[in-house]
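As provided, query28.cif (mmCIF, N, CA and C atoms) reads as follows.
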data_query
#
loop_
_atom_site.label_atom_id
_atom_site.label_comp_id
_atom_site.auth_asym_id
_atom_site.auth_seq_id
_atom_site.Cartn_x
_atom_site.Cartn_y
_atom_site.Cartn_z
N GLN A 17 -11.50 16.19 6.53
CA GLN A 17 -11.37 14.95 5.78
C GLN A 17 -9.99 14.37 6.01
N VAL A 18 -9.94 13.07 6.22
CA VAL A 18 -8.66 12.41 6.46
C VAL A 18 -7.81 12.43 5.21
N GLN A 19 -6.55 12.72 5.38
CA GLN A 19 -5.59 12.65 4.28
C GLN A 19 -4.53 11.60 4.61
N LEU A 20 -3.99 11.01 3.57
CA LEU A 20 -2.94 10.00 3.73
C LEU A 20 -1.61 10.61 3.30
N VAL A 21 -0.63 10.52 4.17
CA VAL A 21 0.68 11.08 3.89
C VAL A 21 1.64 9.93 3.63
N GLU A 22 2.22 9.92 2.46
CA GLU A 22 3.12 8.85 2.04
C GLU A 22 4.58 9.30 2.16
N LEU A 23 5.42 8.43 2.66
CA LEU A 23 6.85 8.70 2.76
C LEU A 23 7.60 7.53 2.15
N GLY A 24 8.73 7.85 1.54
CA GLY A 24 9.55 6.82 0.92
C GLY A 24 9.51 6.96 -0.59
N GLY A 25 10.04 5.99 -1.26
CA GLY A 25 10.11 6.04 -2.71
C GLY A 25 11.42 6.64 -3.18
N GLY A 26 11.46 6.91 -4.47
CA GLY A 26 12.66 7.46 -5.06
C GLY A 26 13.35 6.46 -5.96
N LEU A 27 14.65 6.65 -6.13
CA LEU A 27 15.45 5.80 -7.01
C LEU A 27 16.13 4.72 -6.19
N VAL A 28 15.94 3.48 -6.60
CA VAL A 28 16.50 2.33 -5.89
C VAL A 28 17.18 1.42 -6.91
N GLN A 29 18.28 0.83 -6.52
CA GLN A 29 18.97 -0.09 -7.42
C GLN A 29 18.28 -1.45 -7.43
N ALA A 30 18.34 -2.10 -8.55
CA ALA A 30 17.81 -3.45 -8.64
C ALA A 30 18.50 -4.35 -7.63
N GLY A 31 17.69 -5.18 -6.98
CA GLY A 31 18.21 -6.03 -5.93
C GLY A 31 18.20 -5.39 -4.56
N GLY A 32 17.92 -4.12 -4.51
CA GLY A 32 17.89 -3.39 -3.25
C GLY A 32 16.56 -3.50 -2.56
N SER A 33 16.38 -2.66 -1.53
CA SER A 33 15.17 -2.70 -0.71
C SER A 33 14.46 -1.36 -0.73
N LEU A 34 13.18 -1.42 -0.40
CA LEU A 34 12.34 -0.23 -0.41
C LEU A 34 11.48 -0.23 0.83
N ARG A 35 11.30 0.95 1.41
CA ARG A 35 10.39 1.11 2.54
C ARG A 35 9.46 2.28 2.26
N LEU A 36 8.18 1.98 2.23
CA LEU A 36 7.15 2.99 2.04
C LEU A 36 6.26 3.02 3.28
N SER A 37 5.99 4.21 3.77
CA SER A 37 5.07 4.32 4.90
C SER A 37 3.93 5.27 4.56
N CYS A 38 2.81 5.04 5.20
CA CYS A 38 1.61 5.82 4.94
C CYS A 38 0.93 6.07 6.29
N THR A 39 0.64 7.34 6.55
CA THR A 39 0.02 7.71 7.82
C THR A 39 -1.18 8.58 7.58
N ALA A 40 -2.27 8.28 8.28
CA ALA A 40 -3.45 9.14 8.21
C ALA A 40 -3.14 10.45 8.92
N SER A 41 -3.69 11.52 8.39
CA SER A 41 -3.37 12.85 8.90
C SER A 41 -3.94 13.12 10.28
N GLU A 42 -4.87 12.32 10.69
CA GLU A 42 -5.44 12.50 12.01
C GLU A 42 -5.91 11.15 12.52
N PRO A 43 -5.91 10.96 13.81
CA PRO A 43 -6.36 9.68 14.36
C PRO A 43 -7.83 9.46 14.04
N THR A 44 -8.12 8.28 13.63
CA THR A 44 -9.51 7.94 13.40
C THR A 44 -9.70 6.46 13.63
N SER A 45 -10.74 6.15 14.30
CA SER A 45 -11.01 4.74 14.59
C SER A 45 -11.82 4.09 13.49
N SER A 46 -12.13 4.87 12.46
CA SER A 46 -13.01 4.34 11.42
C SER A 46 -12.27 3.71 10.25
N ILE A 47 -10.93 3.83 10.24
CA ILE A 47 -10.17 3.25 9.12
C ILE A 47 -10.03 1.76 9.34
N THR A 48 -10.38 0.99 8.37
CA THR A 48 -10.24 -0.46 8.47
C THR A 48 -9.14 -0.92 7.53
N SER A 49 -9.49 -1.44 6.37
CA SER A 49 -8.48 -1.95 5.46
C SER A 49 -7.58 -0.83 4.94
N MET A 50 -6.29 -1.13 4.82
CA MET A 50 -5.33 -0.22 4.20
C MET A 50 -4.50 -1.03 3.21
N ALA A 51 -4.00 -0.33 2.21
CA ALA A 51 -3.29 -1.06 1.15
C ALA A 51 -2.33 -0.14 0.41
N TRP A 52 -1.45 -0.76 -0.34
CA TRP A 52 -0.62 -0.07 -1.31
C TRP A 52 -0.99 -0.60 -2.70
N PHE A 53 -1.21 0.33 -3.61
CA PHE A 53 -1.43 0.03 -5.01
C PHE A 53 -0.26 0.62 -5.80
N ARG A 54 -0.13 0.21 -7.04
CA ARG A 54 0.85 0.84 -7.91
C ARG A 54 0.32 0.91 -9.33
N GLN A 55 0.88 1.87 -10.05
CA GLN A 55 0.40 2.11 -11.41
C GLN A 55 1.56 2.54 -12.29
N VAL A 56 1.60 1.97 -13.48
CA VAL A 56 2.56 2.39 -14.50
C VAL A 56 1.77 3.05 -15.62
N PRO A 57 2.41 3.92 -16.39
CA PRO A 57 1.69 4.63 -17.45
C PRO A 57 1.00 3.68 -18.42
N GLY A 58 -0.26 3.99 -18.69
CA GLY A 58 -1.01 3.20 -19.66
C GLY A 58 -1.66 1.96 -19.10
N LYS A 59 -1.47 1.72 -17.80
CA LYS A 59 -2.06 0.53 -17.20
C LYS A 59 -2.92 0.91 -16.00
N GLU A 60 -3.73 -0.04 -15.58
CA GLU A 60 -4.59 0.19 -14.43
C GLU A 60 -3.78 0.17 -13.14
N ARG A 61 -4.39 0.73 -12.12
CA ARG A 61 -3.78 0.71 -10.80
C ARG A 61 -4.10 -0.64 -10.15
N ASP A 62 -3.06 -1.33 -9.72
CA ASP A 62 -3.22 -2.67 -9.18
C ASP A 62 -2.77 -2.72 -7.72
N VAL A 63 -3.43 -3.57 -6.95
CA VAL A 63 -3.04 -3.75 -5.56
C VAL A 63 -1.70 -4.46 -5.46
N VAL A 64 -0.89 -4.02 -4.52
CA VAL A 64 0.38 -4.66 -4.23
C VAL A 64 0.25 -5.49 -2.95
N VAL A 65 -0.18 -4.81 -1.90
CA VAL A 65 -0.38 -5.46 -0.61
C VAL A 65 -1.57 -4.81 0.08
N ALA A 66 -2.20 -5.56 0.97
CA ALA A 66 -3.31 -5.02 1.75
C ALA A 66 -3.32 -5.67 3.12
N VAL A 67 -3.85 -4.94 4.09
CA VAL A 67 -3.94 -5.46 5.45
C VAL A 67 -5.29 -5.06 6.04
N SER A 68 -5.89 -5.97 6.77
CA SER A 68 -7.19 -5.71 7.37
C SER A 68 -7.05 -4.76 8.56
N GLY A 69 -8.18 -4.27 9.01
CA GLY A 69 -8.20 -3.31 10.11
C GLY A 69 -7.58 -3.83 11.39
N ASN A 70 -7.77 -5.10 11.67
CA ASN A 70 -7.20 -5.69 12.89
C ASN A 70 -5.83 -6.30 12.65
N GLY A 71 -5.32 -6.18 11.43
CA GLY A 71 -3.99 -6.69 11.12
C GLY A 71 -3.91 -8.20 10.99
N MET A 72 -5.03 -8.87 11.09
CA MET A 72 -5.00 -10.34 11.11
C MET A 72 -5.00 -10.94 9.70
N ASN A 73 -5.44 -10.20 8.73
CA ASN A 73 -5.47 -10.69 7.36
C ASN A 73 -4.67 -9.79 6.45
N THR A 74 -3.91 -10.42 5.57
CA THR A 74 -3.11 -9.68 4.61
C THR A 74 -3.30 -10.29 3.23
N TYR A 75 -2.97 -9.49 2.25
CA TYR A 75 -3.00 -9.96 0.86
C TYR A 75 -1.75 -9.44 0.16
N TYR A 76 -1.11 -10.32 -0.59
CA TYR A 76 0.07 -9.94 -1.38
C TYR A 76 -0.16 -10.35 -2.83
N ALA A 77 0.09 -9.44 -3.72
CA ALA A 77 0.03 -9.79 -5.13
C ALA A 77 1.13 -10.81 -5.44
N ASP A 78 0.86 -11.66 -6.39
CA ASP A 78 1.83 -12.71 -6.73
C ASP A 78 3.19 -12.13 -7.10
N SER A 79 3.17 -10.97 -7.71
CA SER A 79 4.42 -10.36 -8.19
C SER A 79 5.34 -9.94 -7.05
N VAL A 80 4.81 -9.78 -5.85
CA VAL A 80 5.64 -9.32 -4.73
C VAL A 80 5.67 -10.32 -3.58
N LYS A 81 4.90 -11.38 -3.71
CA LYS A 81 4.82 -12.37 -2.64
C LYS A 81 6.19 -12.99 -2.37
N GLY A 82 6.53 -13.11 -1.11
CA GLY A 82 7.79 -13.70 -0.72
C GLY A 82 8.93 -12.70 -0.58
N ARG A 83 8.72 -11.49 -1.07
CA ARG A 83 9.79 -10.49 -0.93
C ARG A 83 9.23 -9.16 -0.38
N SER A 84 7.99 -9.22 0.10
CA SER A 84 7.38 -8.01 0.64
C SER A 84 6.71 -8.31 1.98
N THR A 85 6.65 -7.28 2.79
CA THR A 85 5.96 -7.40 4.08
C THR A 85 5.19 -6.12 4.34
N ILE A 86 3.93 -6.27 4.72
CA ILE A 86 3.13 -5.12 5.13
C ILE A 86 2.91 -5.21 6.63
N SER A 87 3.05 -4.09 7.30
CA SER A 87 2.82 -4.03 8.73
C SER A 87 1.96 -2.82 9.04
N ARG A 88 1.30 -2.90 10.16
CA ARG A 88 0.35 -1.85 10.51
C ARG A 88 0.46 -1.51 11.99
N GLU A 89 0.43 -0.23 12.28
CA GLU A 89 0.43 0.25 13.65
C GLU A 89 -0.84 1.05 13.86
N ASN A 90 -1.85 0.41 14.39
CA ASN A 90 -3.16 1.02 14.47
C ASN A 90 -3.20 2.26 15.36
N ALA A 91 -2.38 2.27 16.39
CA ALA A 91 -2.39 3.42 17.28
C ALA A 91 -2.01 4.70 16.53
N LYS A 92 -1.27 4.55 15.45
CA LYS A 92 -0.83 5.71 14.67
C LYS A 92 -1.44 5.73 13.28
N ASN A 93 -2.35 4.77 13.01
CA ASN A 93 -2.95 4.65 11.68
C ASN A 93 -1.89 4.69 10.59
N THR A 94 -0.87 3.91 10.79
CA THR A 94 0.25 3.86 9.86
C THR A 94 0.39 2.46 9.30
N VAL A 95 0.65 2.38 8.02
CA VAL A 95 0.95 1.11 7.38
C VAL A 95 2.27 1.26 6.64
N THR A 96 3.10 0.23 6.73
CA THR A 96 4.43 0.27 6.14
C THR A 96 4.62 -0.92 5.22
N LEU A 97 5.18 -0.65 4.07
CA LEU A 97 5.51 -1.68 3.10
C LEU A 97 7.03 -1.81 3.00
N LEU A 98 7.52 -2.99 3.21
CA LEU A 98 8.93 -3.31 2.99
C LEU A 98 9.01 -4.26 1.81
N MET A 99 9.85 -3.94 0.84
CA MET A 99 10.00 -4.77 -0.34
C MET A 99 11.47 -4.99 -0.61
N ASN A 100 11.85 -6.23 -0.78
CA ASN A 100 13.24 -6.59 -1.03
C ASN A 100 13.42 -7.09 -2.45
N ASN A 101 14.68 -7.25 -2.81
CA ASN A 101 15.02 -7.78 -4.13
C ASN A 101 14.25 -7.07 -5.24
N LEU A 102 14.34 -5.77 -5.26
CA LEU A 102 13.58 -4.98 -6.21
C LEU A 102 13.99 -5.29 -7.64
N LYS A 103 12.99 -5.24 -8.52
CA LYS A 103 13.20 -5.52 -9.93
C LYS A 103 12.75 -4.31 -10.74
N ALA A 104 13.19 -4.28 -11.98
CA ALA A 104 12.82 -3.16 -12.86
C ALA A 104 11.30 -3.04 -12.98
N GLU A 105 10.62 -4.17 -12.97
CA GLU A 105 9.16 -4.14 -13.12
C GLU A 105 8.44 -3.62 -11.87
N ASP A 106 9.17 -3.36 -10.81
CA ASP A 106 8.56 -2.73 -9.64
C ASP A 106 8.47 -1.21 -9.80
N THR A 107 9.08 -0.70 -10.86
CA THR A 107 9.01 0.73 -11.13
C THR A 107 7.57 1.15 -11.39
N ALA A 108 7.09 2.13 -10.61
CA ALA A 108 5.70 2.55 -10.72
C ALA A 108 5.47 3.71 -9.76
N VAL A 109 4.29 4.30 -9.86
CA VAL A 109 3.83 5.22 -8.83
C VAL A 109 3.05 4.39 -7.81
N TYR A 110 3.43 4.50 -6.57
CA TYR A 110 2.80 3.73 -5.50
C TYR A 110 1.83 4.63 -4.73
N TYR A 111 0.63 4.11 -4.51
CA TYR A 111 -0.43 4.85 -3.82
C TYR A 111 -0.85 4.12 -2.55
N CYS A 112 -0.99 4.88 -1.49
CA CYS A 112 -1.58 4.35 -0.27
C CYS A 112 -3.09 4.53 -0.34
N ALA A 113 -3.81 3.55 0.19
CA ALA A 113 -5.27 3.61 0.17
C ALA A 113 -5.82 3.19 1.52
N ALA A 114 -6.95 3.78 1.88
CA ALA A 114 -7.59 3.44 3.15
C ALA A 114 -9.10 3.33 2.95
N ARG A 115 -9.67 2.46 3.74
CA ARG A 115 -11.11 2.22 3.70
C ARG A 115 -11.71 2.65 5.03
N ARG A 116 -12.74 3.41 4.99
CA ARG A 116 -13.41 3.83 6.21
C ARG A 116 -14.67 3.01 6.42
N GLY A 117 -14.74 2.35 7.57
CA GLY A 117 -15.89 1.52 7.87
C GLY A 117 -15.75 0.12 7.30
N GLY A 118 -16.73 -0.70 7.58
CA GLY A 118 -16.71 -2.08 7.11
C GLY A 118 -16.04 -3.00 8.11
N SER A 119 -15.84 -4.23 7.69
CA SER A 119 -15.29 -5.24 8.57
C SER A 119 -13.81 -5.02 8.87
N VAL A 120 -13.44 -5.22 10.12
CA VAL A 120 -12.02 -5.11 10.50
C VAL A 120 -11.23 -6.33 10.06
N TRP A 121 -11.94 -7.34 9.54
CA TRP A 121 -11.28 -8.56 9.10
C TRP A 121 -10.95 -8.54 7.60
N TYR A 122 -11.41 -7.56 6.89
CA TYR A 122 -11.31 -7.53 5.45
C TYR A 122 -10.09 -6.75 4.96
N ALA A 123 -9.31 -7.39 4.08
CA ALA A 123 -8.17 -6.74 3.43
C ALA A 123 -8.54 -6.54 1.96
N GLY A 124 -8.94 -5.36 1.61
CA GLY A 124 -9.45 -5.08 0.27
C GLY A 124 -8.41 -5.26 -0.82
N ARG A 125 -8.84 -5.79 -1.96
CA ARG A 125 -7.92 -6.11 -3.05
C ARG A 125 -8.18 -5.31 -4.31
N ILE A 126 -9.25 -4.51 -4.33
CA ILE A 126 -9.57 -3.75 -5.53
C ILE A 126 -9.76 -2.28 -5.18
N GLU A 127 -9.64 -1.43 -6.19
CA GLU A 127 -9.75 0.01 -5.95
C GLU A 127 -11.08 0.40 -5.32
N GLU A 128 -12.13 -0.29 -5.71
CA GLU A 128 -13.46 0.06 -5.22
C GLU A 128 -13.63 -0.19 -3.73
N ASP A 129 -12.72 -0.91 -3.14
CA ASP A 129 -12.78 -1.17 -1.70
C ASP A 129 -12.36 0.05 -0.90
N TYR A 130 -11.75 1.04 -1.56
CA TYR A 130 -11.12 2.15 -0.84
C TYR A 130 -11.73 3.49 -1.21
N ASP A 131 -11.80 4.38 -0.22
CA ASP A 131 -12.41 5.67 -0.48
C ASP A 131 -11.46 6.83 -0.19
N THR A 132 -10.27 6.51 0.29
CA THR A 132 -9.30 7.56 0.59
C THR A 132 -7.96 7.17 0.00
N TRP A 133 -7.32 8.11 -0.70
CA TRP A 133 -6.09 7.81 -1.43
C TRP A 133 -5.02 8.85 -1.15
N GLY A 134 -3.79 8.38 -1.13
CA GLY A 134 -2.67 9.30 -1.07
C GLY A 134 -2.38 9.87 -2.45
N GLN A 135 -1.44 10.79 -2.51
CA GLN A 135 -1.13 11.44 -3.77
C GLN A 135 -0.21 10.60 -4.65
N GLY A 136 0.42 9.62 -4.07
CA GLY A 136 1.30 8.76 -4.84
C GLY A 136 2.76 9.16 -4.70
N THR A 137 3.62 8.17 -4.74
CA THR A 137 5.06 8.41 -4.68
C THR A 137 5.74 7.55 -5.74
N GLN A 138 6.66 8.16 -6.47
CA GLN A 138 7.32 7.47 -7.56
C GLN A 138 8.42 6.56 -7.02
N VAL A 139 8.44 5.35 -7.50
CA VAL A 139 9.53 4.41 -7.22
C VAL A 139 10.14 4.01 -8.55
N THR A 140 11.43 4.22 -8.68
CA THR A 140 12.14 3.86 -9.90
C THR A 140 13.26 2.91 -9.54
N VAL A 141 13.25 1.75 -10.16
CA VAL A 141 14.29 0.75 -9.91
C VAL A 141 15.25 0.77 -11.09
N SER A 142 16.49 1.04 -10.81
CA SER A 142 17.51 1.12 -11.86
C SER A 142 18.29 -0.19 -11.93
N SER A 143 18.57 -0.59 -13.14
CA SER A 143 19.31 -1.85 -13.33
C SER A 143 20.79 -1.59 -13.49
#

Reformat the file's structure so that it appears as structure tokens.
Amino acid sequence: QVQLVELGGGLVQAGGSLRLSCTASEPTSSITSMAWFRQVPGKERDVVVAVSGNGMNTYYADSVKGRSTISRENAKNTVTLLMNNLKAEDTAVYYCAARRGGSVWYAGRIEEDYDTWGQGTQVTVSS
């Protein structure tokens, strides 16, 4: 079974930058949409960014739009999130998600779009 390995996270100062990467544990041509979600205690897990299988379509949550970039390297099944101008409200556990099968044009925006999840990495923004 494919596993997602997340790198990055930790303690970041407000106004700083963050880089999160996610790599599938083995090459597979069946992964299409990939995304980063985040969750704070007591709240639902929400999508932050998503990218379609062919990299042609992306989705950014309003809260991160304009200060985040998602990129994808299909040859390595890796997706990277860069986020600038971090704010206290960006503090959360960030999860990588992947979808196996389906359209390569689709960038999933909800949890139900994904069937494979990383373990999560804590991001804490200090003011």

Exercise. Please, what distance in Å, to one decimal, runs between atom N of Thr94 (chain A) and atom N of Gly32 (chain A)?
Worked result: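 That distance, rounded to one decimal, is 25.5 Å.
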
Exercise. Of the residues A:Glu128, A:Leu36, A:Thr107, A:Asp62, which is the one nearest to Ser84 (chain A), using only C-alpha atoms?
Worked result: A:Leu36

Problem set entry | Best match for closeness to Gly31 (chain A) among A:Arg54, A:Gln138, A:Tyr75, A:Leu102, counting all atoms listed in the file |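 Closest to Gly31 (chain A) of all the choices is A:Leu102.
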
Seminar exercise, completed: Using only C-alpha atoms, the residue out of A:Ser46, A:Ser142, A:Thr39, A:Phe53 with shortest distance to Arg88 (chain A) is A:Thr39

Exercise. Taking into account only C-alpha atoms, which residue in the set A:Ile86, A:Ile126, A:Leu97, A:Val67 is nearest to Ser33 (chain A)?
Worked result: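 When distances to Ser33 (chain A) are compared using only C-alpha atoms, the smallest one comes from A:Leu97.
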
For this session: Using CA of Leu20 (chain A) and CA of Arg61 (chain A) as the two end points, give the distance in Å to one decimal.
Result: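 About the pair CA of Leu20 (chain A) and CA of Arg61 (chain A): they are 17.3 Å apart.
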
For this session: Can you pull out every residue within 9 Å of Val64 (chain A), counting only C-alpha atoms, but drop anything in the same chain fewer than 3 positions away, and send it as a list of chain:residue names?
Result: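 Answer for this query is A:Ala51, A:Trp52, A:Phe53, A:Arg54, A:Tyr75, A:Tyr76, A:Ala77, A:Asp78, A:Ser79, A:Val80, A:Tyr110, A:Arg125.
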
Exercise. Between CA of Thr140 (chain A) and CA of Ser49 (chain A), what is the spacing in Å?
Worked result: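 It comes out at 26.4 Å.
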
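Across A:Val109, A:Val141, A:Ala104, A:Val120, the tightest approach to Gln55 (chain A) is made by A:Val109 when counting all atoms listed in the file.
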
Exercise. Skipping near chain neighbours, those fewer than 4 positions away, what residues fall within 8 Å of Ala123 (chain A) using all atoms listed in the file, listed as a PyMOL selection string?
Worked result: chain A and resi 48-51+65-69+72-75+119+129

Problem set entry | Residue list (strand (DSSP E or B), DSSP) for region 34-90 of chain A, as a PyMOL selection string | chain A and resi 34-40+47-55+62-67+74-76+84-89
